[in-house]
Amino acid sequence: MATKAAFKRLTREYQNIQKNPPPYIVAHPSESNILEWHYILTGPPGTPYENGQYWGTLMFPPEYPFAPPAIRMHTPSGRFQPSTRLCLSISDFHPKSFNPAWEVSTILIGLLSFMTSEEMTTGSVSASEAERRVLAARSRWWNSTGGGSHISATPGVTPTAKGINNVKAGDGGLKFRAEWPELDQENWRWMKDSRIDTNTGQLMPDPSLATRCSPETSALRRRPNGSAPGLGAVMEGGHVAREAGQSWVRRNKIWLGFAILFGYALLTRLPTPAAPNSLASSNASPPPGCPMHASNNVPTSPNQTASESSSACPVRSTDSPFYVPPKSKSPESQPPSNTEPRSALSKLNPLNYMFTSISQERAPNQTVDLPVEREVSSIPRSDMDENWEYPSPQQMYNAMLRKGYTDTPQDAVEAMVAVHNFLNEGAWDEIVRWERIFSRGLAQGWDKCRRGEENIVMDELREELAGSAKQDVPPPRLIRFKGRPQELTPKARILQALGWVYPSKFETNPPFDRHDWFVMRQTPSGQKEVRYVIDYYSGPPEPTGEPVFYLDIRPALDTPTAAVERLMRWGGDVWWRASGASARENNGS
């Protein structure tokens, strides 16, 4: 039974979602239980789910909004297992990550956004685009007939709508009909008008076609005696099914097979190129840096060597699960040269403050084969029309060896690179969010911030789903970056001091790393360089043993504008929640 707080909150959210329904989403609570919500997601245009009708349930706990709901989708979609609890950050699988400010509309917008992505989780399935389009075309039939089970009801037995959390094909569409009577009637009219066989969901033949065919064509349409009546539907809808259920590759798979064999025969006659790890380290192409490839400080003097720089991975402090204590290393000998020797400072790439000779060659004492493939990030560069690249595991290992980290477990390098890339993408996503808010000026930035963080997220999702996001300002680009792990930011020092005074509220552990990212902000009046500061914190691991990280990302206080931006985003959210502005807006005051 719902608590008084949950009942009041869900009642208000139902009024809100009725007044301002999100794109492609409708939802309502059950008449008998306000904790049981039913939703319909309409497949957005341009996706494999276009025009699909996806029905599901949200089961809220009595302590909502301080605990998330269980999320299920009953309609087969090719994306989720029908009637299976979904593991999402907004579901009951992760109660600690749930934000009480999130509403029903926030949850459903997040579910639709996750559905249109390809990320896998507990309860999701893999399917081809063609299979998902077929399921979308059959979704209305499935909802109203229970997958065709309306014809197999046991005589004398009246189905019930109990067990709503385990809706399967077999209830004859009763549960859907009880919650969505108007949609159910529309679905039955659609099946009649579209000549959909309610038993199978397949297209039935058009009787009028037989009178329009010439004798020659009729001869081609004859079928042998005893064949099933559904053969006519197959003959009539063959081309439609072929286009909907098969891709171009499937239709031409035989020719493609010959083409692949022919190409393979040609390639075997060509000279084999040298493998990447056969190159000498001095001739290896310098890998483009990435914001978390190495947190090197710029040497303060020309005599500072590469071994004095920081680790190639952001996770390297004594508080980190990936920390490996460094060993001392003698300075590398310099080859004789008639020219004046270059300083260590001159060997650094000014875009990432890293040494450029990171080889893909296998280390002498290496016993584990490490991949040399490099992943392209989602972060665009400012100096060219390309994205930054992440280091390969082999490059990461070579860089750490050169810096003196000789005790690094070789079988852990790939996991370190995965953490490195994951944190990198998360940091850039938050920077892009800052830029979306303030790239058009402080006035439009305040218009977004004054209604709190939850509305910023909801507005972004609505614009993304509706395709109405403004495109007048190009997205930001990363100019350069710099690691400063030994320098605490003023905010980190303040939080650490507060942790000593209020240990139950604030942590005393400092961030294990710090980066400065220099971003090219695209404004209506031109380009502007903005420096962002990123503090990396380690959190308690998950029960499964997975490490947890927290990123504190904000514009550096280099200009008064940056200070105003930080004040707007922090102050707007605090004022929105503390002043009860959300309740006043919902009441229309």
# chains A, B, ... in the order shown; residues from 1 in each chain; ligands from 1
>>> residues_around(residues="range 187-198 of chain A", least_positions_apart="3", cutoff="8 Å", atoms="only C-alpha atoms", output="NGL selection string")
:A and (140-141 or 144-145 or 148 or 183-184 or 201-206)
>>> closest_residue(among="A:Tyr397, A:Tyr502, A:Tyr536, A:Trp37", to="Pro409 in chain A", atoms="only C-alpha atoms")
A:Tyr397
>>> atom_distance(atom1="CA of Thr57 in chain A", atom2="CA of Thr116 in chain A")
18.3 Å
>>> residues_around(residues="Glu103 in chain A", least_positions_apart="5", cutoff="10 Å", atoms="only C-alpha atoms", output="list in words")
Arg9, Leu10, Arg12, Glu13, Tyr14, Asn16, Ile17, Pro65, Pro68, Leu108, Ile109, Glu454 and Met458 of chain A
